[in-house]
Each structure stands twice: as structure tokens, then as C-alpha cells.
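Okay, upload01.cif is below, mmCIF, C-alpha atoms and all ligand atoms:
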data_my_file
loop_
_atom_site.label_atom_id
_atom_site.label_comp_id
_atom_site.auth_asym_id
_atom_site.auth_seq_id
_atom_site.Cartn_x
_atom_site.Cartn_y
_atom_site.Cartn_z
CA MET A 1 0.00 0.00 0.00
CA ARG A 2 1.55 3.29 -1.08
CA ILE A 3 1.00 6.25 1.21
CA PRO A 4 0.22 9.37 -0.84
CA ILE A 5 2.77 12.15 -0.61
CA ILE A 6 1.71 15.78 -0.87
CA ALA A 7 4.55 18.24 -1.14
CA GLY A 8 4.31 22.02 -1.07
CA ASN A 9 6.93 23.57 -3.33
CA TRP A 10 7.38 27.13 -2.11
CA LYS A 11 9.72 27.94 -5.00
CA MET A 12 11.45 31.33 -4.51
CA ASN A 13 8.91 32.54 -1.97
CA MET A 14 8.77 32.99 1.80
CA THR A 15 11.13 34.71 4.15
CA ILE A 16 12.09 32.74 7.24
CA SER A 17 9.42 34.31 9.42
CA GLN A 18 6.70 33.86 6.78
CA GLY A 19 7.74 30.21 6.42
CA ILE A 20 7.66 29.58 10.17
CA ASP A 21 4.24 31.18 10.35
CA LEU A 22 2.93 28.88 7.60
CA VAL A 23 4.47 25.74 9.10
CA ASN A 24 3.05 26.55 12.53
CA LYS A 25 -0.42 26.58 10.97
CA ILE A 26 -0.07 23.22 9.22
CA LYS A 27 2.22 21.07 11.35
CA ASP A 28 -0.35 19.92 13.90
CA ILE A 29 -3.29 19.40 11.56
CA THR A 30 -5.05 16.09 12.07
CA LEU A 31 -5.26 14.42 8.71
CA LYS A 32 -8.35 12.54 7.55
CA THR A 33 -6.31 9.92 5.74
CA ASP A 34 -2.79 8.56 5.93
CA VAL A 35 -0.75 11.01 3.90
CA GLU A 36 2.86 12.15 4.04
CA VAL A 37 3.11 15.94 3.98
CA VAL A 38 6.30 17.69 2.91
CA VAL A 39 7.31 21.35 2.73
CA CYS A 40 9.98 22.22 0.14
CA THR A 41 11.47 25.50 1.31
CA PRO A 42 14.18 27.82 -0.02
CA PHE A 43 17.67 26.95 1.27
CA THR A 44 17.67 30.03 3.48
CA ALA A 45 14.70 28.80 5.51
CA LEU A 46 15.54 25.09 5.82
CA MET A 47 17.23 25.24 9.21
CA ASP A 48 14.57 27.37 10.88
CA ILE A 49 11.75 25.38 9.34
CA LYS A 50 13.39 22.19 10.58
CA ARG A 51 13.22 23.64 14.11
CA ALA A 52 9.63 24.80 13.63
CA ILE A 53 8.60 21.31 12.45
CA GLY A 54 10.04 19.87 15.67
CA ASP A 55 8.89 16.34 16.35
CA THR A 56 5.71 16.55 14.26
CA LYS A 57 5.27 14.30 11.24
CA LEU A 58 5.76 17.06 8.69
CA LYS A 59 8.72 16.35 6.37
CA LEU A 60 11.24 18.78 4.97
CA ALA A 61 12.68 19.09 1.47
CA ALA A 62 15.10 21.26 -0.45
CA GLN A 63 14.23 22.34 -3.99
CA ASN A 64 17.58 21.53 -5.59
CA MET A 65 21.14 20.51 -4.73
CA HIS A 66 24.53 19.97 -6.35
CA TRP A 67 25.73 16.40 -6.85
CA GLU A 68 29.22 16.89 -5.38
CA GLU A 69 29.74 16.68 -1.62
CA GLY A 70 31.83 19.86 -1.65
CA GLY A 71 34.30 21.91 -3.65
CA ALA A 72 34.72 24.99 -5.80
CA TYR A 73 31.12 25.46 -6.95
CA THR A 74 30.27 29.02 -5.98
CA GLY A 75 26.63 29.48 -5.04
CA GLU A 76 25.82 25.78 -4.86
CA VAL A 77 24.63 23.64 -1.94
CA SER A 78 25.83 20.07 -1.42
CA PRO A 79 24.03 16.92 -0.25
CA VAL A 80 26.29 16.81 2.81
CA MET A 81 25.17 20.30 3.82
CA LEU A 82 21.53 19.38 3.33
CA LYS A 83 21.89 16.12 5.23
CA ASP A 84 23.47 18.13 8.04
CA ILE A 85 20.25 20.13 8.34
CA GLY A 86 18.28 16.89 8.41
CA ILE A 87 16.16 17.19 5.29
CA ASP A 88 14.13 14.18 4.14
CA TYR A 89 13.59 14.89 0.45
CA VAL A 90 14.99 16.99 -2.38
CA ILE A 91 13.16 18.07 -5.54
CA LEU A 92 15.34 17.34 -8.55
CA GLY A 93 14.92 18.29 -12.19
CA HIS A 94 11.98 20.63 -11.70
CA SER A 95 11.00 22.04 -15.11
CA GLU A 96 11.85 25.56 -13.91
CA ARG A 97 15.43 24.40 -13.20
CA ARG A 98 15.60 22.72 -16.59
CA GLN A 99 14.10 25.74 -18.38
CA TYR A 100 15.74 28.72 -16.64
CA PHE A 101 19.00 27.21 -15.40
CA GLY A 102 19.81 24.82 -18.20
CA GLU A 103 19.68 21.66 -16.12
CA SER A 104 20.15 18.66 -18.37
CA ASP A 105 18.97 15.08 -17.97
CA ASP A 106 22.58 14.22 -17.23
CA ASP A 107 22.74 16.77 -14.37
CA VAL A 108 19.48 15.41 -12.98
CA ASN A 109 20.86 11.87 -13.13
CA LYS A 110 24.00 12.87 -11.21
CA LYS A 111 21.86 14.61 -8.61
CA VAL A 112 19.53 11.63 -8.23
CA LYS A 113 22.43 9.23 -7.65
CA SER A 114 24.07 11.64 -5.23
CA ALA A 115 20.84 12.14 -3.25
CA ILE A 116 20.44 8.37 -2.89
CA LYS A 117 24.07 8.05 -1.81
CA TYR A 118 23.48 10.57 0.99
CA ASN A 119 20.13 9.13 2.04
CA ILE A 120 18.06 12.02 0.81
CA ARG A 121 14.95 10.88 -1.06
CA PRO A 122 14.68 12.40 -4.51
CA ILE A 123 11.44 13.79 -5.92
CA ILE A 124 12.24 13.59 -9.63
CA CYS A 125 10.21 15.91 -11.84
CA VAL A 126 9.33 15.04 -15.41
CA GLY A 127 6.80 16.41 -17.89
CA GLU A 128 6.17 17.49 -21.43
CA THR A 129 5.65 20.91 -23.01
CA LEU A 130 2.34 21.85 -24.65
CA GLU A 131 3.96 21.52 -28.05
CA GLU A 132 5.18 18.02 -27.27
CA ARG A 133 1.72 17.03 -26.05
CA GLU A 134 0.04 18.44 -29.15
CA GLN A 135 2.46 16.57 -31.37
CA GLY A 136 1.76 13.29 -29.60
CA GLN A 137 5.24 13.16 -28.08
CA ALA A 138 4.31 13.44 -24.39
CA GLU A 139 4.91 9.79 -23.50
CA GLU A 140 8.18 9.61 -25.40
CA LYS A 141 9.48 12.74 -23.65
CA VAL A 142 8.49 11.54 -20.19
CA LYS A 143 9.93 8.07 -20.77
CA SER A 144 13.23 9.49 -21.90
CA GLN A 145 13.43 11.84 -18.88
CA ILE A 146 12.70 9.00 -16.47
CA LEU A 147 15.12 6.51 -17.96
CA LYS A 148 17.88 9.11 -18.03
CA ALA A 149 17.19 10.27 -14.46
CA LEU A 150 17.27 6.69 -13.19
CA ASP A 151 20.27 5.52 -15.20
CA GLY A 152 22.54 3.62 -12.81
CA VAL A 153 20.02 3.71 -9.93
CA GLU A 154 19.76 0.26 -8.38
CA LYS A 155 16.53 -1.60 -7.79
CA LYS A 156 17.08 -1.67 -4.01
CA ASP A 157 16.97 2.13 -3.94
CA THR A 158 13.76 2.57 -5.90
CA ALA A 159 11.42 2.39 -2.91
CA ASP A 160 12.81 5.77 -1.80
CA VAL A 161 12.28 7.42 -5.15
CA VAL A 162 9.30 9.69 -5.77
CA ILE A 163 8.43 10.81 -9.29
CA ALA A 164 6.40 13.94 -9.94
CA TYR A 165 4.64 14.07 -13.28
CA GLU A 166 4.24 17.77 -14.01
CA PRO A 167 3.10 18.71 -17.51
CA ILE A 168 4.94 21.99 -18.08
CA TRP A 169 1.87 23.64 -19.61
CA ALA A 170 -0.03 23.08 -16.36
CA ILE A 171 2.52 24.64 -13.99
CA GLY A 172 1.43 27.98 -12.59
CA THR A 173 -1.03 28.45 -15.44
CA GLY A 174 -4.28 27.48 -13.77
CA LYS A 175 -4.67 24.73 -16.39
CA THR A 176 -4.57 21.20 -15.04
CA ALA A 177 -4.36 17.98 -16.95
CA SER A 178 -7.72 16.24 -16.71
CA SER A 179 -7.61 13.74 -13.87
CA LYS A 180 -7.99 10.96 -16.44
CA ASP A 181 -5.07 12.17 -18.58
CA ALA A 182 -2.90 12.63 -15.47
CA ASN A 183 -3.82 9.14 -14.28
CA ASN A 184 -3.06 7.63 -17.68
CA MET A 185 0.37 9.20 -17.83
CA ILE A 186 1.13 8.12 -14.28
CA ALA A 187 0.05 4.55 -15.07
CA TYR A 188 2.33 4.72 -18.09
CA ILE A 189 5.22 5.89 -15.88
CA ARG A 190 4.56 3.03 -13.47
CA ASN A 191 4.89 0.62 -16.39
CA ILE A 192 8.25 2.10 -17.29
CA ILE A 193 9.34 1.37 -13.71
CA MET A 194 7.98 -2.16 -14.03
CA GLU A 195 9.91 -2.78 -17.26
CA LYS A 196 13.13 -1.47 -15.75
CA TYR A 197 12.91 -2.82 -12.20
CA GLY A 198 10.13 -5.42 -11.94
CA ASP A 199 7.08 -5.93 -9.72
CA GLU A 200 8.34 -4.75 -6.35
CA ALA A 201 9.45 -1.35 -7.62
CA PHE A 202 6.21 -1.14 -9.61
CA ASP A 203 4.31 -1.42 -6.33
CA LYS A 204 6.51 0.87 -4.25
CA VAL A 205 7.56 3.88 -6.30
CA ARG A 206 5.26 6.77 -5.58
CA ILE A 207 4.21 8.95 -8.50
CA GLN A 208 2.64 12.34 -7.85
CA TYR A 209 0.86 14.75 -10.15
CA GLY A 210 1.84 18.43 -10.20
CA GLY A 211 0.54 21.46 -12.08
CA SER A 212 -2.09 23.90 -10.76
CA VAL A 213 -3.33 21.60 -8.01
CA LYS A 214 -5.80 23.60 -5.91
CA PRO A 215 -8.33 22.86 -3.15
CA GLY A 216 -11.03 22.60 -5.83
CA ASN A 217 -9.36 19.87 -7.89
CA ALA A 218 -7.10 18.06 -5.40
CA THR A 219 -9.60 15.41 -4.33
CA GLU A 220 -10.47 14.41 -7.86
CA ILE A 221 -6.81 14.20 -8.88
CA ILE A 222 -5.36 12.48 -5.83
CA ASN A 223 -8.17 9.93 -5.68
CA GLN A 224 -7.28 8.58 -9.12
CA PRO A 225 -6.12 4.98 -8.75
CA ASP A 226 -2.57 5.47 -10.00
CA ILE A 227 -1.85 8.92 -8.56
CA ASP A 228 0.04 8.91 -5.26
CA GLY A 229 -0.34 12.53 -4.19
CA ALA A 230 0.60 15.93 -5.52
CA LEU A 231 3.39 18.43 -5.89
CA VAL A 232 1.74 21.76 -5.18
CA GLY A 233 3.23 25.14 -6.03
CA GLY A 234 1.11 28.30 -5.69
CA ALA A 235 -1.57 26.75 -3.49
CA SER A 236 1.02 25.60 -0.93
CA LEU A 237 1.80 29.20 0.04
CA LYS A 238 -1.52 29.77 1.80
CA ALA A 239 -2.12 27.68 4.90
CA ASP A 240 -5.90 27.43 4.31
CA ASP A 241 -5.50 26.16 0.76
CA PHE A 242 -2.72 23.75 1.61
CA ILE A 243 -4.68 22.32 4.54
CA LYS A 244 -7.65 21.69 2.26
CA ILE A 245 -5.37 19.90 -0.20
CA ILE A 246 -3.67 17.67 2.37
CA ASN A 247 -7.11 16.78 3.68
CA PHE A 248 -8.26 15.90 0.15
P1 LIG A 301 1.77 25.11 -9.41
O1 LIG A 301 3.29 24.55 -9.38
O2 LIG A 301 0.99 24.27 -8.44
O3 LIG A 301 1.88 26.54 -8.98
O4 LIG A 301 1.28 24.94 -10.80
C1 LIG A 301 3.56 23.18 -9.32
C2 LIG A 301 5.04 22.94 -9.36
O5 LIG A 301 5.75 23.64 -10.09
O6 LIG A 301 5.55 22.07 -8.66
#
Represent the structure of the file as C-alpha cells.
Amino acid sequence: MRIPIIAGNWKMNMTISQGIDLVNKIKDITLKTDVEVVVCTPFTALMDIKRAIGDTKLKLAAQNMHWEEGGAYTGEVSPVMLKDIGIDYVILGHSERRQYFGESDDDVNKKVKSAIKYNIRPIICVGETLEEREQGQAEEKVKSQILKALDGVEKKDTADVVIAYEPIWAIGTGKTASSKDANNMIAYIRNIIMEKYGDEAFDKVRIQYGGSVKPGNATEIINQPDIDGALVGGASLKADDFIKIINF
């Protein structure tokens, strides 16, 4: 039985005090169903948010990291530094990183392997552009991103991997994939995992949907049979909205 994972990706938002305020409103919420809730904060807030989370069940994630454990990489943050803070997850290969910062599939692959090495669970983002979808290339694109991201990742480590299917045209646009389309793509992704790793990984890898998830559509999306939760951007910045989503 896979426990759904709902992660709030704050992106480049929230000062430390705003973040603490938000976390204080959500950390003690009693959830209606068994769901793992994660906040993905800017690097600057990680340490203080970790303290604010305290011994509640809320999990903490970074939004990116470098693959090397240290060295001359000005402006970067290493897995060792993140592990030192005690983060649980790291978002890797978000489409905004790929689009605005030139992150390649090869970079994402190095980051995924590094995260696993340092016991940080990767949330690997994949998804097609509108053009690719309209040209019938969505599945091909997603398959290629997944296989490249997981190249060299061993079967024993797959239970810790989370995949977020985020069609790029749905991110921050207010447009969501229909719950049926999202479910179909996620079922397709699960089959890719099955082909590469077999039955056990097929059952364990959690695959979220992301892209304009809001209180009004969260239930319908997350209740789809193949969808294991959501990666939420804009709607994770307001406590009321995020609470409605995690109580889908
Ligand atoms: P959105 O962002 O919910 O604001 O569309 C999702 C994401 O980028 O993870």
C-alpha cells in the first residue's frame, strides 16, 4: 500500500518568518487519511523550518542541490550540507530548473544518484511541453526523462524514489491535466518502472501529479487509482488552501 505524498513547493517565496508562520499553521493538523506531507522551502529557511517542524510528522525538502559533496562550486549547496540540516527529500529536475537554469537530464541523473548516496529521497520531476503534447510526443518525452534520471540507480533504492509528473503547460497556469489524462500518464510511468525494475518497484515507487493543483481539484486528482499525491506550487503558500489539499 503506497501512502500518498503531498509536497508544497514554495519555490522562490517565503522569508524565514513567513515560512515559520505557515508551518506553525499546518504542522499539527489532524489528517483525515494517511498522507505524508512535505514542505519544500528555499535553502535560506531550511534550518529554521526544521526547528519549527520539531517532532511533528511534517517532512522537509530542499528544492535543488549539487551532486558533489563539496568543492569549488560558488553558489551551490551540497548533499552533505543538506543532510546536516536533516532534510528528508529533495526536488530534482523541476521544469523551472531545466528551463531557466539549463539543467540537463545528465545533471538530474547525477543529482539523483548523489541524493540516494546521501540518504536524501529524490522527488524527480518530469513532464512534457504543450507543443510536445500536441504533437503526440508526451509519452516519449516523459519516458526518456525517467530513464535518463534513473540511469545507474539500483533496484534496491527505488522504494525511496518519488516521481512527480508535471506537464509543463499546467505549472502555474491554472490549467490542469484532466484527472484521467494525469492518471493515464502516471500509469504509463509506473509501467516504465515495471519494465526497468520489476514488480516490487512497480508497487513501491510513488508517483505524484503536479501542475495547478488547488483545493477545488485536489480530491479528484489524488483519488485517481494510479496517482500517489501531488506536488503543489502556488496553493502551498496559503495555509488554508494547503490544509484543504492535504485533507483531500
Ligand atoms: P503550481 O506549481 O501548483 O503553482 O502549478 C507546481 C510545481 O511547479 O511544482
Can you tell me which residues sit at most 9 Å away from ligand LIG 301 (chain A), counting all atoms listed in the file, written as a VMD selection string? chain A and resid 7 to 11 94 to 96 125 164 166 168 to 176 209 to 214 230 to 236
Can you tell me, as an MDAnalysis selection string, what residues are no more than 9 Å from stretch 3-6 of chain A when counting only C-alpha atoms, ignoring any on the same chain fewer than 6 positions away? chainID A and resid 34:39 162 206:208 222 227:232 245:246
So the first atom is atom CA of A:Lys143 and the second is atom CA of A:Asp105; what is the distance between them in Å, to one decimal place? 11.8 Å
Radius query 12 Å about (9.9, 7.9, -5.6), atoms used: all atoms listed in the file, as a PyMOL selection string: chain A and resi 2-5+89-92+112+115-116+120-125+146+149-150+153+155+157-165+189-190+193+201-208+228-229
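Among the candidates A:Asp48, A:Glu132, A:Glu220, A:Glu200, the one nearest to A:Ile87 when counting all atoms listed in the file is A:Asp48.
Between atom CA of A:Val142 and atom CA of A:Gly127 lies a distance of 5.6 Å.
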I'd like to know which of A:Asn13, A:Thr219, A:Gln224, A:Asn109 is closest to A:Met185, using only C-alpha atoms. A:Gln224
Students should find that atom CA of A:Ala45 and atom CA of A:Ala61 are spaced 10.7 Å
Residue among A:Lys113, A:Lys238, A:Lys244, A:His66 lying closest to A:Glu154, counting all atoms listed in the file: A:Lys113
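In this comparison, which uses all atoms listed in the file, the residue of A:Phe242, A:Tyr118, A:Phe43, A:Tyr197 approaching A:Glu76 most closely is A:Phe43.
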